[in-house]
Structures are given as structure tokens and as C-alpha cells.
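Everything on this sheet refers to the single structure shown next.
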Amino acid sequence: MNEPVAGKSLEPLCYLRWLRRFSTVATQITACAAAIALGLGCRHTPVRVTALRQVQPCPIVPVATAEPTPHQTNQEPALPPAAAPPQWVSATNVPYDGWIDVRQWARDIGIPIPALAMTGTNCVASLKFPTGTLDIRLGRHQARWQQCELWLAHAPLFIRGQPCVHGQDIQSTLLPLLTDNGELPVTNRVIVLDPGHGGSNPGARNIATGRWEKEYTLDLALRLKPLLEDQGWMVFLTRTNDCDVTLSNRVAIADAIGAGLFLSLHFNDANGRATESGIETYCMTPPGLPSALVRGPPENPSVVLSNNAHDTANLRLAFRLHRALVNRTGAVDRGVRRARFMAVLRNQSRPAILVEAGYLSNLRDARLIASPEHRQALALAIADALSSPPPGL
Ligand SMILES: [Zn+2]
């Protein structure tokens with residue numbers, strides 16, 4: 001099988017020809033990849049495919065090109081003009097920094113001044129915005145917006161008896177969501193779905209079935225593809241069968257086709273802690289903020305990565321996807337989080353999201369993930385979230 005090739009350049013004409021051919025057979029590739037897996041008797045691929053037309057290997061993908069693609073020149077609708085912001089937003093057009101008194105903030109922007117209430121063990125300040133309710137929990141990173149969990153970079157705290165939230169979180173986490181008008185923040189309807197892992201990198205193991213994460217991520221992508229195509233998306237996969245694809249090549253694929261959105265699909269593992277369960281959705285950490293999750297060497301919060309050009313869109317999309325996934329499946333809500341270490345997000349030149357759609361190390365989650373009906377529900381949730389406007393808004 002062929003893997004995407006990095007470092008290979010094609011003549012423009014050749015590339016366009018390739019791209020046209022690739023676009024026209026794109027629909028077949030998904031089904032054909034499944035055919036390969038099934039035809040070769042892949043033990044691990046729980047793919048249910050009804051129409052197998054032609055056997056195709058993984059596509060060879062050229063390196064990124066500065067040339068506009070046919071999708072960009074002919075098919076991409078421009079972003080709709082921004083809707084007029086809510087009136088209260090004009091009061092927020094000041095840079096926030098340091099710790100901000102939540103009640104003073106409410107006063108400044110003209111929303112009701114929140115009372116403090118105990119919810120379980122949490123002291124909560126509930127701010128009523130025209131677009132939803134924001135619950136800030138004192139001492140905890142997890143806030144709640146529109147009934148979904150959202151990780152703040154700094155845990156709100158009491159300063160001189162007043163509940164305070166950090167200005168960086170107001171600026172980079174709260175305002176992008178509070179002012180979201182529901183438009184899909186994507187420049188075109190070309191999406192790359194990235195089934196995590198593959199080939200010699202199987203990912204986590206399902207403790208209920210013994211099967212691998214790479215199988216479930218591919219199955220989920222194959223279920224999602226036709227749902228998105230029905231909504232007018234042009235859909236590409238970074239792999240369509242059980243092959244190795246490097247992390248950098250996954251990004252190169254998105255570059256090569258001029259994708260407007262990148263979505264990486266994963267299932268989680270808690271390293272032996274069987275109690276952790278639920279869905280987490282990740283996007284890139286904005287410059288200056290600490291991440292919710294750090295792996296490898298200590299991170300440098302001042303670094304500016306190419307994907308940081310899409311911080312607002314990243315967060316809005318991550319929240320939109322996360323809310324749809326949690327609402328449809330009833331999964332434990334582990335929140336929208338930010339991280340810098342994920343290679344498939346760092347170097348993206350487009351909004352990019354990574355979903356951890358449940359814990360393979362948790363028995364309840366593992367059994368659900370093994371169920372085709374549950375994986376279909378996950379796919380439907382993502383497709384709903386990427387419709388415009390999403391249901392319920
Ligand atoms: Zn994974």
C-alpha cells in the first residue's frame with residue numbers, strides 16, 4: 001500500500017490533473033479502502049460497508065502548494081459578512097488583562113450582576129448573557145457555557161472577597177464563545193477527516209473487546225464521510241485503510257487539498273485508570289495561555305504557532321462539536337480543552353480540532369465504542385455540528 005509522500009513536488013498541470021482525478025474518485029476511495037481491509041481479511045477493521053466498487057490504495061498526496069486549488073478558485077464560498085455584534089459586546093472592546101472582578105465585569109457590559117451560589121461543593125457565579133448562561137466555578141478550571149464544560153486557562157478565584165476571572169480567559173476563551181453568532185467559521189466546505197493512528201501505530205486498546213483505537217477511528221471517519229457529503233462538504237481522509245501515515249503527512253494532506261477544516265478522530269486511554277470516561281474535545285492553546293494538557297517537555301506559552309491564526313474559529317468549532325457529541329450520546333462531559341503538543345493541530349493553516357470520543361480504558365465507554373450504533377451516533381453528532389446553522393441554534 002502507498003502512503004502519502006512528503007517532499008515530493010509535482011508540476012502544476014500534473015498536480016491539477018491529479019487533484020481532479022482525486023476529487024472524482026474520492027467517494028470511491030473510502031469504500032475501496034474498506035474493501036482492502038475486508039478483502040485482505042484485516043482482523044481488526046470493524047467496518048460495515050455495503051457498496052464496494054473498486055480496490056484503491058491510500059492516495060499519494062503531494063506536498064503543500066501555494067497554488068490555489070480548484071476548490072479554492074471555483075467552489076469555495078466566501079465567509080458570510082460578519083453579523084452585527086450584540087450591543088453589549090461593544091462594552092467588551094477593551095483589552096482584558098490580570099484578574100477581573102466578575103461582578104464588575106457584569107456591571108461594565110450591562111448584564112445582570114451574578115449572585116454566588118453553592119452547587120455541590122462548588123461556589124458558582126452564574127452570568128446571564130443574551131446568548132446563554134455562563135457558570136464560573138471559583139477555584140476550578142472547568143466553567144460551563146450553554147450547559148457544556150469548558151476549561152479555562154486559569155481557575156477563577158476570590159481576591160479580596162470578590163470572585164474574579166482572569167482577563168486572558170475573558171479575552172481568549174469567553175468572548176469568542178459569548179459572541180458566536182452560530183455561523184460556521186470555515187472558509188470553504190472542504191474537510192479533512194483524520195482517523196487517528198493506523199498501521200504499526202494501533203493506538204489504545206478496547207478493554208471490552210481487545211480491538212484497537214485505529215479501527216474505531218477509521219470506522220467513525222467512514223461513517224461520517226457520507227453524512228458530511230450529504231451536507232455539501234467535500235470530504236478527504238488522511239487514511240482509508242490500515243496504513244501508517246505520519247503526523248506531518250496528515251497535515252500535508254490538508255495543505256495539498258486546500259482544506260478549510262481539519263478534524264482528527266481519536267478514542268482515549270487513561271493509562272490503567274478505569275474510572276475515567278467521557279468525551280474531550282481539543283483545539284490549540286492561544287499564545288500566552290497555559291494549556292489544559294501538557295505532554296512531553298514543558299511548554300512555552302509565548303510560542304506562536306501557525307494554527308494560532310485560527311484561535312477564535314478553533315474554539316468555536318471545538319465547542320460546537322463537543323456540545324453536539326455530548327448532547328447526542330449522553331456521554332460524560334469532560335469539556336473543551338486546549339493543548340499545544342498535538343502535532344496534527346500545531347502546524348495547521350486552517351481551523352483544526354481533535355476529538356477524543358470516549359475512553360477505551362473504561363468498561364462502559366469501551367462497550368459503547370464497540371457498538372456500531374454508538375459510533376453512528378457519534379458521526380451523526382459531528383455531522384449535525386457541521387451543518388450550518390446547527391440544529392438547535
Ligand atoms: Zn489516539
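Naming works like this for the C-alpha cells: A, B, ... for the chains as they're shown, residue 1 at the start of each chain, ligands 1 onward in shown order.
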
Against ligand 1, which residues of chain A fall within 6 Å? For each one I want the closest pair of atoms and the distance in Å (one decimal), counting only C-alpha atoms and all ligand atoms, rows by chain and increasing residue number, as CSV.
residue,atom,partner,partner_atom_place_in_ligand_line,distance
A:Gly196,CA,ligand 1,1 (Zn),5.4
A:Gly203,CA,ligand 1,1 (Zn),5.3
A:His266,CA,ligand 1,1 (Zn),4.4
A:Phe267,CA,ligand 1,1 (Zn),5.5

Which of region 61-297 of chain A DSSP labels alpha helix (DSSP H), written as a compact mmCIF listing (two decimals) with all heavy atoms, in the first residue's frame:
# COMPACT_ATOMS: atom_id res chain seq x y z
N PRO A 70 -8.47 24.03 -7.26
CA PRO A 70 -9.76 24.26 -7.92
C PRO A 70 -10.86 24.53 -6.91
O PRO A 70 -11.76 25.30 -7.17
CB PRO A 70 -10.01 22.94 -8.66
CG PRO A 70 -8.66 22.36 -8.88
CD PRO A 70 -7.84 22.79 -7.69
N VAL A 102 -15.63 39.61 38.59
CA VAL A 102 -16.72 39.12 37.75
C VAL A 102 -17.94 40.03 37.84
O VAL A 102 -18.60 40.32 36.84
CB VAL A 102 -17.11 37.68 38.19
CG1 VAL A 102 -18.42 37.25 37.56
CG2 VAL A 102 -16.00 36.70 37.80
N ARG A 103 -18.23 40.51 39.05
CA ARG A 103 -19.43 41.33 39.20
C ARG A 103 -19.24 42.71 38.57
O ARG A 103 -20.17 43.27 37.99
CB ARG A 103 -19.81 41.41 40.68
CG ARG A 103 -20.32 40.03 41.16
CD ARG A 103 -20.96 40.08 42.50
NE ARG A 103 -20.00 39.96 43.58
CZ ARG A 103 -20.26 39.34 44.73
NH1 ARG A 103 -21.43 38.78 44.94
NH2 ARG A 103 -19.35 39.27 45.67
N GLN A 104 -18.01 43.22 38.66
CA GLN A 104 -17.74 44.49 38.00
C GLN A 104 -17.81 44.33 36.48
O GLN A 104 -18.32 45.20 35.77
CB GLN A 104 -16.35 45.02 38.42
CG GLN A 104 -16.00 46.39 37.88
CD GLN A 104 -17.01 47.46 38.32
OE1 GLN A 104 -17.35 47.53 39.51
NE2 GLN A 104 -17.51 48.25 37.39
N TRP A 105 -17.31 43.20 36.02
CA TRP A 105 -17.38 42.91 34.58
C TRP A 105 -18.84 42.89 34.12
O TRP A 105 -19.19 43.49 33.10
CB TRP A 105 -16.69 41.57 34.29
CG TRP A 105 -16.66 41.19 32.84
CD1 TRP A 105 -16.38 42.00 31.78
CD2 TRP A 105 -16.93 39.89 32.30
NE1 TRP A 105 -16.43 41.29 30.60
CE2 TRP A 105 -16.77 39.99 30.89
CE3 TRP A 105 -17.24 38.66 32.84
CZ2 TRP A 105 -16.94 38.90 30.03
CZ3 TRP A 105 -17.41 37.56 32.00
CH2 TRP A 105 -17.27 37.69 30.61
N ALA A 106 -19.68 42.20 34.89
CA ALA A 106 -21.11 42.15 34.53
C ALA A 106 -21.70 43.56 34.48
O ALA A 106 -22.46 43.91 33.57
CB ALA A 106 -21.86 41.28 35.54
N ARG A 107 -21.31 44.35 35.48
CA ARG A 107 -21.81 45.74 35.53
C ARG A 107 -21.36 46.50 34.28
O ARG A 107 -22.14 47.19 33.63
CB ARG A 107 -21.25 46.41 36.80
CG ARG A 107 -22.18 47.38 37.48
CD ARG A 107 -21.61 47.83 38.83
NE ARG A 107 -21.91 46.92 39.92
CZ ARG A 107 -21.02 46.34 40.74
NH1 ARG A 107 -19.73 46.58 40.59
NH2 ARG A 107 -21.41 45.55 41.71
N ASP A 108 -20.07 46.34 33.94
CA ASP A 108 -19.50 47.08 32.81
C ASP A 108 -20.19 46.75 31.48
O ASP A 108 -20.33 47.62 30.62
CB ASP A 108 -18.00 46.77 32.67
CG ASP A 108 -17.20 47.37 33.82
OD1 ASP A 108 -17.75 48.23 34.54
OD2 ASP A 108 -16.03 46.96 33.98
N ILE A 109 -20.54 45.49 31.30
CA ILE A 109 -21.10 45.10 30.00
C ILE A 109 -22.61 45.06 30.03
O ILE A 109 -23.26 44.67 29.04
CB ILE A 109 -20.52 43.75 29.51
CG1 ILE A 109 -20.86 42.62 30.49
CG2 ILE A 109 -19.03 43.85 29.31
CD1 ILE A 109 -20.33 41.27 30.06
N GLY A 167 -8.34 37.90 32.99
CA GLY A 167 -8.58 38.65 31.75
C GLY A 167 -8.22 37.85 30.51
O GLY A 167 -8.86 37.98 29.46
N GLN A 168 -7.19 37.02 30.59
CA GLN A 168 -6.82 36.20 29.42
C GLN A 168 -7.95 35.26 29.04
O GLN A 168 -8.20 34.99 27.87
CB GLN A 168 -5.56 35.38 29.73
CG GLN A 168 -4.28 36.18 29.74
CD GLN A 168 -3.08 35.27 29.94
OE1 GLN A 168 -3.18 34.20 30.56
NE2 GLN A 168 -1.94 35.69 29.43
N ASP A 169 -8.65 34.74 30.06
CA ASP A 169 -9.76 33.85 29.75
C ASP A 169 -10.95 34.61 29.20
O ASP A 169 -11.66 34.11 28.32
CB ASP A 169 -10.17 33.06 31.01
CG ASP A 169 -9.29 31.83 31.21
OD1 ASP A 169 -9.06 31.11 30.23
OD2 ASP A 169 -8.82 31.62 32.33
N LEU A 175 -15.06 35.49 25.47
CA LEU A 175 -15.65 36.37 24.45
C LEU A 175 -15.85 35.66 23.10
O LEU A 175 -16.88 35.87 22.45
CB LEU A 175 -14.80 37.63 24.28
CG LEU A 175 -14.90 38.63 25.44
CD1 LEU A 175 -14.05 39.87 25.15
CD2 LEU A 175 -16.35 39.04 25.68
N PRO A 176 -14.90 34.82 22.63
CA PRO A 176 -15.15 34.15 21.36
C PRO A 176 -16.43 33.31 21.37
O PRO A 176 -17.10 33.19 20.35
CB PRO A 176 -13.92 33.26 21.18
CG PRO A 176 -12.85 33.95 21.93
CD PRO A 176 -13.54 34.54 23.13
N LEU A 177 -16.77 32.74 22.53
CA LEU A 177 -17.99 31.93 22.60
C LEU A 177 -19.22 32.79 22.87
O LEU A 177 -20.28 32.58 22.29
CB LEU A 177 -17.83 30.86 23.68
CG LEU A 177 -16.74 29.82 23.40
CD1 LEU A 177 -16.61 28.84 24.56
CD2 LEU A 177 -17.01 29.07 22.10
N LEU A 178 -19.07 33.74 23.76
CA LEU A 178 -20.22 34.59 24.09
C LEU A 178 -20.71 35.36 22.88
O LEU A 178 -21.88 35.72 22.79
CB LEU A 178 -19.83 35.58 25.20
CG LEU A 178 -19.34 34.97 26.53
CD1 LEU A 178 -18.89 36.07 27.48
CD2 LEU A 178 -20.41 34.12 27.16
N GLU A 213 -7.80 1.17 18.82
CA GLU A 213 -8.30 2.52 18.52
C GLU A 213 -8.29 2.82 17.03
O GLU A 213 -9.21 3.44 16.50
CB GLU A 213 -7.43 3.55 19.27
CG GLU A 213 -7.85 4.99 19.06
CD GLU A 213 -6.90 5.98 19.76
OE1 GLU A 213 -5.98 5.52 20.46
OE2 GLU A 213 -7.09 7.19 19.58
N LYS A 214 -7.21 2.38 16.32
CA LYS A 214 -7.10 2.71 14.89
C LYS A 214 -8.28 2.17 14.10
O LYS A 214 -8.68 2.75 13.09
CB LYS A 214 -5.80 2.14 14.32
CG LYS A 214 -5.71 0.62 14.34
CD LYS A 214 -4.41 0.12 13.71
CE LYS A 214 -4.34 -1.40 13.72
NZ LYS A 214 -3.11 -1.90 13.08
N GLU A 215 -8.87 1.07 14.55
CA GLU A 215 -10.02 0.50 13.84
C GLU A 215 -11.26 1.37 14.04
O GLU A 215 -12.02 1.63 13.10
CB GLU A 215 -10.31 -0.91 14.35
CG GLU A 215 -9.13 -1.84 14.33
CD GLU A 215 -9.42 -3.11 15.10
OE1 GLU A 215 -10.50 -3.70 14.89
OE2 GLU A 215 -8.59 -3.52 15.94
N TYR A 216 -11.44 1.80 15.28
CA TYR A 216 -12.63 2.59 15.59
C TYR A 216 -12.56 3.98 14.97
O TYR A 216 -13.58 4.54 14.56
CB TYR A 216 -12.81 2.69 17.10
CG TYR A 216 -13.05 1.35 17.77
CD1 TYR A 216 -12.19 0.87 18.74
CD2 TYR A 216 -14.15 0.56 17.40
CE1 TYR A 216 -12.42 -0.36 19.35
CE2 TYR A 216 -14.38 -0.66 18.00
CZ TYR A 216 -13.51 -1.12 18.98
OH TYR A 216 -13.73 -2.33 19.56
N THR A 217 -11.37 4.57 14.94
CA THR A 217 -11.27 5.90 14.35
C THR A 217 -11.56 5.86 12.85
O THR A 217 -12.23 6.74 12.30
CB THR A 217 -9.88 6.53 14.59
OG1 THR A 217 -8.87 5.68 14.04
CG2 THR A 217 -9.64 6.75 16.07
N LEU A 218 -11.05 4.80 12.18
CA LEU A 218 -11.32 4.68 10.74
C LEU A 218 -12.81 4.44 10.50
O LEU A 218 -13.41 5.04 9.60
CB LEU A 218 -10.48 3.54 10.15
CG LEU A 218 -10.69 3.29 8.65
CD1 LEU A 218 -10.42 4.54 7.84
CD2 LEU A 218 -9.82 2.14 8.17
N ASP A 219 -13.40 3.58 11.30
CA ASP A 219 -14.82 3.31 11.15
C ASP A 219 -15.64 4.59 11.34
O ASP A 219 -16.57 4.86 10.57
CB ASP A 219 -15.24 2.26 12.19
CG ASP A 219 -16.74 2.00 12.13
OD1 ASP A 219 -17.18 1.22 11.27
OD2 ASP A 219 -17.47 2.61 12.95
N LEU A 220 -15.27 5.37 12.33
CA LEU A 220 -16.01 6.61 12.59
C LEU A 220 -15.87 7.57 11.40
O LEU A 220 -16.85 8.20 10.97
CB LEU A 220 -15.49 7.26 13.88
CG LEU A 220 -16.11 8.59 14.28
CD1 LEU A 220 -17.63 8.51 14.36
CD2 LEU A 220 -15.53 9.07 15.62
N ALA A 221 -14.66 7.69 10.87
CA ALA A 221 -14.45 8.57 9.71
C ALA A 221 -15.26 8.11 8.51
O ALA A 221 -15.85 8.91 7.78
CB ALA A 221 -12.97 8.64 9.36
N LEU A 222 -15.30 6.79 8.30
CA LEU A 222 -16.06 6.25 7.16
C LEU A 222 -17.56 6.45 7.34
O LEU A 222 -18.30 6.59 6.36
CB LEU A 222 -15.74 4.76 6.99
CG LEU A 222 -14.30 4.46 6.53
CD1 LEU A 222 -14.02 2.96 6.58
CD2 LEU A 222 -14.07 4.99 5.12
N ARG A 223 -18.01 6.44 8.55
CA ARG A 223 -19.43 6.73 8.80
C ARG A 223 -19.73 8.21 8.60
O ARG A 223 -20.79 8.60 8.11
CB ARG A 223 -19.80 6.33 10.24
CG ARG A 223 -19.81 4.85 10.48
CD ARG A 223 -20.02 4.51 11.95
NE ARG A 223 -19.92 3.08 12.15
CZ ARG A 223 -20.91 2.22 11.93
NH1 ARG A 223 -22.08 2.68 11.55
NH2 ARG A 223 -20.74 0.93 12.10
N LEU A 224 -18.79 9.04 9.00
CA LEU A 224 -19.01 10.49 8.95
C LEU A 224 -18.95 11.04 7.52
O LEU A 224 -19.68 11.98 7.18
CB LEU A 224 -17.95 11.16 9.84
CG LEU A 224 -17.96 12.67 9.95
CD1 LEU A 224 -19.33 13.20 10.35
CD2 LEU A 224 -16.90 13.10 10.98
N LYS A 225 -18.10 10.44 6.72
CA LYS A 225 -17.87 10.98 5.36
C LYS A 225 -19.17 11.17 4.57
O LYS A 225 -19.44 12.29 4.09
CB LYS A 225 -16.90 10.07 4.61
CG LYS A 225 -16.50 10.56 3.23
CD LYS A 225 -15.45 9.63 2.64
CE LYS A 225 -14.89 10.19 1.34
NZ LYS A 225 -15.84 10.14 0.23
N PRO A 226 -20.01 10.13 4.40
CA PRO A 226 -21.22 10.35 3.59
C PRO A 226 -22.20 11.32 4.23
O PRO A 226 -22.93 12.02 3.52
CB PRO A 226 -21.82 8.94 3.48
CG PRO A 226 -21.23 8.15 4.60
CD PRO A 226 -19.87 8.73 4.84
N LEU A 227 -22.20 11.37 5.56
CA LEU A 227 -23.10 12.32 6.23
C LEU A 227 -22.71 13.75 5.88
O LEU A 227 -23.57 14.61 5.64
CB LEU A 227 -23.06 12.11 7.75
CG LEU A 227 -23.51 10.73 8.26
CD1 LEU A 227 -23.33 10.65 9.78
CD2 LEU A 227 -24.97 10.48 7.88
N LEU A 228 -21.42 14.01 5.88
CA LEU A 228 -20.96 15.36 5.54
C LEU A 228 -21.15 15.65 4.05
O LEU A 228 -21.50 16.77 3.66
CB LEU A 228 -19.49 15.53 5.94
CG LEU A 228 -19.22 15.54 7.45
CD1 LEU A 228 -17.72 15.59 7.72
CD2 LEU A 228 -19.91 16.74 8.11
N GLU A 229 -20.90 14.65 3.23
CA GLU A 229 -21.10 14.86 1.78
C GLU A 229 -22.56 15.20 1.48
O GLU A 229 -22.84 16.03 0.62
CB GLU A 229 -20.66 13.60 1.03
CG GLU A 229 -19.14 13.48 0.98
CD GLU A 229 -18.65 12.16 0.41
OE1 GLU A 229 -19.44 11.18 0.42
OE2 GLU A 229 -17.49 12.09 0.00
N ASP A 230 -23.47 14.60 2.21
CA ASP A 230 -24.90 14.93 2.02
C ASP A 230 -25.18 16.39 2.35
O ASP A 230 -26.17 16.95 1.91
CB ASP A 230 -25.77 14.04 2.92
CG ASP A 230 -25.87 12.62 2.38
OD1 ASP A 230 -25.47 12.39 1.22
OD2 ASP A 230 -26.33 11.74 3.13
N LEU A 247 2.39 11.98 11.27
CA LEU A 247 1.61 13.13 11.71
C LEU A 247 1.80 14.31 10.76
O LEU A 247 0.86 15.03 10.42
CB LEU A 247 1.99 13.51 13.14
CG LEU A 247 1.72 12.41 14.19
CD1 LEU A 247 2.20 12.87 15.56
CD2 LEU A 247 0.24 12.05 14.24
N SER A 248 3.04 14.50 10.29
CA SER A 248 3.29 15.63 9.39
C SER A 248 2.58 15.43 8.06
O SER A 248 2.10 16.40 7.44
CB SER A 248 4.79 15.84 9.19
OG SER A 248 5.37 14.67 8.64
N ASN A 249 2.48 14.19 7.60
CA ASN A 249 1.77 13.96 6.34
C ASN A 249 0.27 14.17 6.47
O ASN A 249 -0.41 14.52 5.51
CB ASN A 249 2.06 12.55 5.82
CG ASN A 249 3.32 12.52 4.97
OD1 ASN A 249 3.86 13.56 4.62
ND2 ASN A 249 3.79 11.33 4.67
N ARG A 250 -0.23 13.98 7.67
CA ARG A 250 -1.67 14.25 7.87
C ARG A 250 -1.95 15.74 7.66
O ARG A 250 -2.96 16.13 7.09
CB ARG A 250 -2.10 13.79 9.26
CG ARG A 250 -2.02 12.26 9.41
CD ARG A 250 -2.25 11.78 10.84
NE ARG A 250 -1.80 10.41 11.00
CZ ARG A 250 -2.59 9.36 11.19
NH1 ARG A 250 -3.88 9.51 11.29
NH2 ARG A 250 -2.09 8.14 11.30
N VAL A 251 -1.02 16.56 8.14
CA VAL A 251 -1.16 18.00 7.92
C VAL A 251 -0.92 18.33 6.44
O VAL A 251 -1.63 19.16 5.85
CB VAL A 251 -0.17 18.77 8.82
CG1 VAL A 251 -0.29 20.27 8.58
CG2 VAL A 251 -0.40 18.44 10.29
N ALA A 252 0.05 17.66 5.82
CA ALA A 252 0.37 17.93 4.41
C ALA A 252 -0.82 17.62 3.51
O ALA A 252 -1.04 18.29 2.50
CB ALA A 252 1.59 17.11 3.99
N ILE A 253 -1.58 16.61 3.87
CA ILE A 253 -2.77 16.28 3.07
C ILE A 253 -3.74 17.45 3.08
O ILE A 253 -4.27 17.85 2.04
CB ILE A 253 -3.43 15.00 3.63
CG1 ILE A 253 -2.56 13.78 3.31
CG2 ILE A 253 -4.85 14.82 3.08
CD1 ILE A 253 -2.98 12.51 4.03
N ALA A 254 -3.95 18.01 4.25
CA ALA A 254 -4.88 19.15 4.36
C ALA A 254 -4.35 20.35 3.56
O ALA A 254 -5.12 21.06 2.91
CB ALA A 254 -5.08 19.52 5.83
N ASP A 255 -3.04 20.56 3.61
CA ASP A 255 -2.44 21.64 2.83
C ASP A 255 -2.64 21.41 1.33
O ASP A 255 -2.98 22.32 0.58
CB ASP A 255 -0.95 21.75 3.14
CG ASP A 255 -0.68 22.32 4.53
OD1 ASP A 255 -1.58 22.99 5.08
OD2 ASP A 255 0.42 22.10 5.06
N ALA A 256 -2.39 20.17 0.92
CA ALA A 256 -2.40 19.87 -0.51
C ALA A 256 -3.78 20.08 -1.13
O ALA A 256 -3.88 20.49 -2.29
CB ALA A 256 -1.95 18.42 -0.73
N ILE A 257 -4.83 19.81 -0.40
CA ILE A 257 -6.16 19.94 -0.99
C ILE A 257 -6.82 21.26 -0.62
O ILE A 257 -7.96 21.50 -0.98
CB ILE A 257 -7.08 18.77 -0.59
CG1 ILE A 257 -7.32 18.76 0.91
CG2 ILE A 257 -6.51 17.45 -1.07
CD1 ILE A 257 -8.35 17.76 1.33

- [ ] Might you pull out every residue within 7 Å of region 306-322 of chain A, with only C-alpha atoms counted and same-chain residues fewer than 3 positions away left off, and present them as a PyMOL selection string?
- [x] chain A and resi 176-177+185+281-284+286+325-326+336+345-353+382+385

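The spacing separating CA of Asp135 (chain A) from CA of Val332 (chain A) amounts to 17.8 Å.
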
Per residue of region 269-328 of chain A within 12 Å of region 365-379 of chain A, note the shortest atom pair and the distance in Å to one decimal, counting only C-alpha atoms, and order the rows by chain and increasing residue number, as CSV.
residue,atom,partner,partner_atom,distance
A:Asp269,CA,A:Ala366,CA,10.0
A:Ala270,CA,A:Asp365,CA,11.9
A:Ala274,CA,A:Asp365,CA,9.9
A:Thr275,CA,A:Asp365,CA,10.1
A:Glu276,CA,A:Asp365,CA,9.3
A:Ser277,CA,A:Asp365,CA,6.4
A:Gly278,CA,A:Asp365,CA,7.2
A:Ile279,CA,A:Asp365,CA,9.5
A:Leu321,CA,A:Leu378,CA,10.1
A:His322,CA,A:Leu378,CA,10.4
A:Arg323,CA,A:Leu378,CA,11.5
A:Ala324,CA,A:Leu378,CA,8.8
A:Leu325,CA,A:Leu378,CA,6.2
A:Val326,CA,A:Leu378,CA,9.0
A:Asn327,CA,A:Leu378,CA,10.3
A:Arg328,CA,A:Ala377,CA,7.0

Requested write-out: N, CA and C atoms of the selected residues, as a short mmCIF file (atom, residue, chain, number, x, y, z; two decimals), in the first residue's frame:
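Output file again_31.cif is given in full below:
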data_model
loop_
_atom_site.label_atom_id
_atom_site.label_comp_id
_atom_site.auth_asym_id
_atom_site.auth_seq_id
_atom_site.Cartn_x
_atom_site.Cartn_y
_atom_site.Cartn_z
N ASP A 269 -7.42 6.89 26.34
CA ASP A 269 -6.91 5.84 27.23
C ASP A 269 -6.37 6.54 28.47
N ALA A 270 -6.73 6.03 29.64
CA ALA A 270 -6.33 6.70 30.88
C ALA A 270 -5.19 5.97 31.58
N ALA A 274 -9.31 3.00 35.20
CA ALA A 274 -10.54 2.56 34.53
C ALA A 274 -11.72 3.46 34.83
N THR A 275 -11.58 4.36 35.80
CA THR A 275 -12.74 5.17 36.19
C THR A 275 -12.96 6.36 35.26
N GLU A 276 -11.94 6.79 34.56
CA GLU A 276 -12.11 7.98 33.72
C GLU A 276 -12.90 7.64 32.46
N SER A 277 -13.89 8.47 32.17
CA SER A 277 -14.72 8.22 30.99
C SER A 277 -15.20 9.55 30.43
N GLY A 278 -15.71 9.49 29.22
CA GLY A 278 -16.32 10.67 28.64
C GLY A 278 -15.59 11.21 27.43
N ILE A 279 -16.12 12.31 26.95
CA ILE A 279 -15.63 12.91 25.70
C ILE A 279 -14.90 14.21 25.99
N LEU A 321 -18.72 21.20 18.15
CA LEU A 321 -18.61 19.74 18.02
C LEU A 321 -18.82 19.05 19.36
N HIS A 322 -18.20 19.60 20.37
CA HIS A 322 -18.26 18.96 21.68
C HIS A 322 -19.70 18.94 22.21
N ARG A 323 -20.36 20.05 22.09
CA ARG A 323 -21.74 20.12 22.59
C ARG A 323 -22.63 19.12 21.86
N ALA A 324 -22.45 19.01 20.55
CA ALA A 324 -23.26 18.07 19.77
C ALA A 324 -22.97 16.63 20.20
N LEU A 325 -21.70 16.31 20.41
CA LEU A 325 -21.33 14.94 20.80
C LEU A 325 -21.90 14.58 22.17
N VAL A 326 -21.75 15.48 23.11
CA VAL A 326 -22.22 15.19 24.47
C VAL A 326 -23.75 15.13 24.51
N ASN A 327 -24.39 16.06 23.82
CA ASN A 327 -25.85 16.08 23.84
C ASN A 327 -26.45 14.84 23.19
N ARG A 328 -25.88 14.43 22.07
CA ARG A 328 -26.48 13.29 21.37
C ARG A 328 -26.21 11.97 22.07
#

- [ ] Excluding Leu116 (chain A) and residues on its chain fewer than 4 positions from it, collect all residues at most 7 Å away from it, counting only C-alpha atoms, and give them as number ranges by chain.
- [x] A: 123-125

Would you mind exporting N, CA and C atoms of the selected residues as a CSV table (one decimal), in the first residue's frame?
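Listed below is the output, again-v6.csv:
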chain,number,residue,atom,x,y,z
A,123,CYS,N,-18.6,26.8,44.5
A,123,CYS,CA,-19.1,28.1,44.6
A,123,CYS,C,-19.2,28.7,43.2
A,124,VAL,N,-20.4,29.0,42.7
A,124,VAL,CA,-20.6,29.3,41.3
A,124,VAL,C,-21.2,30.7,41.2
A,125,ALA,N,-20.6,31.4,40.2
A,125,ALA,CA,-21.2,32.7,39.8
A,125,ALA,C,-21.8,32.4,38.4
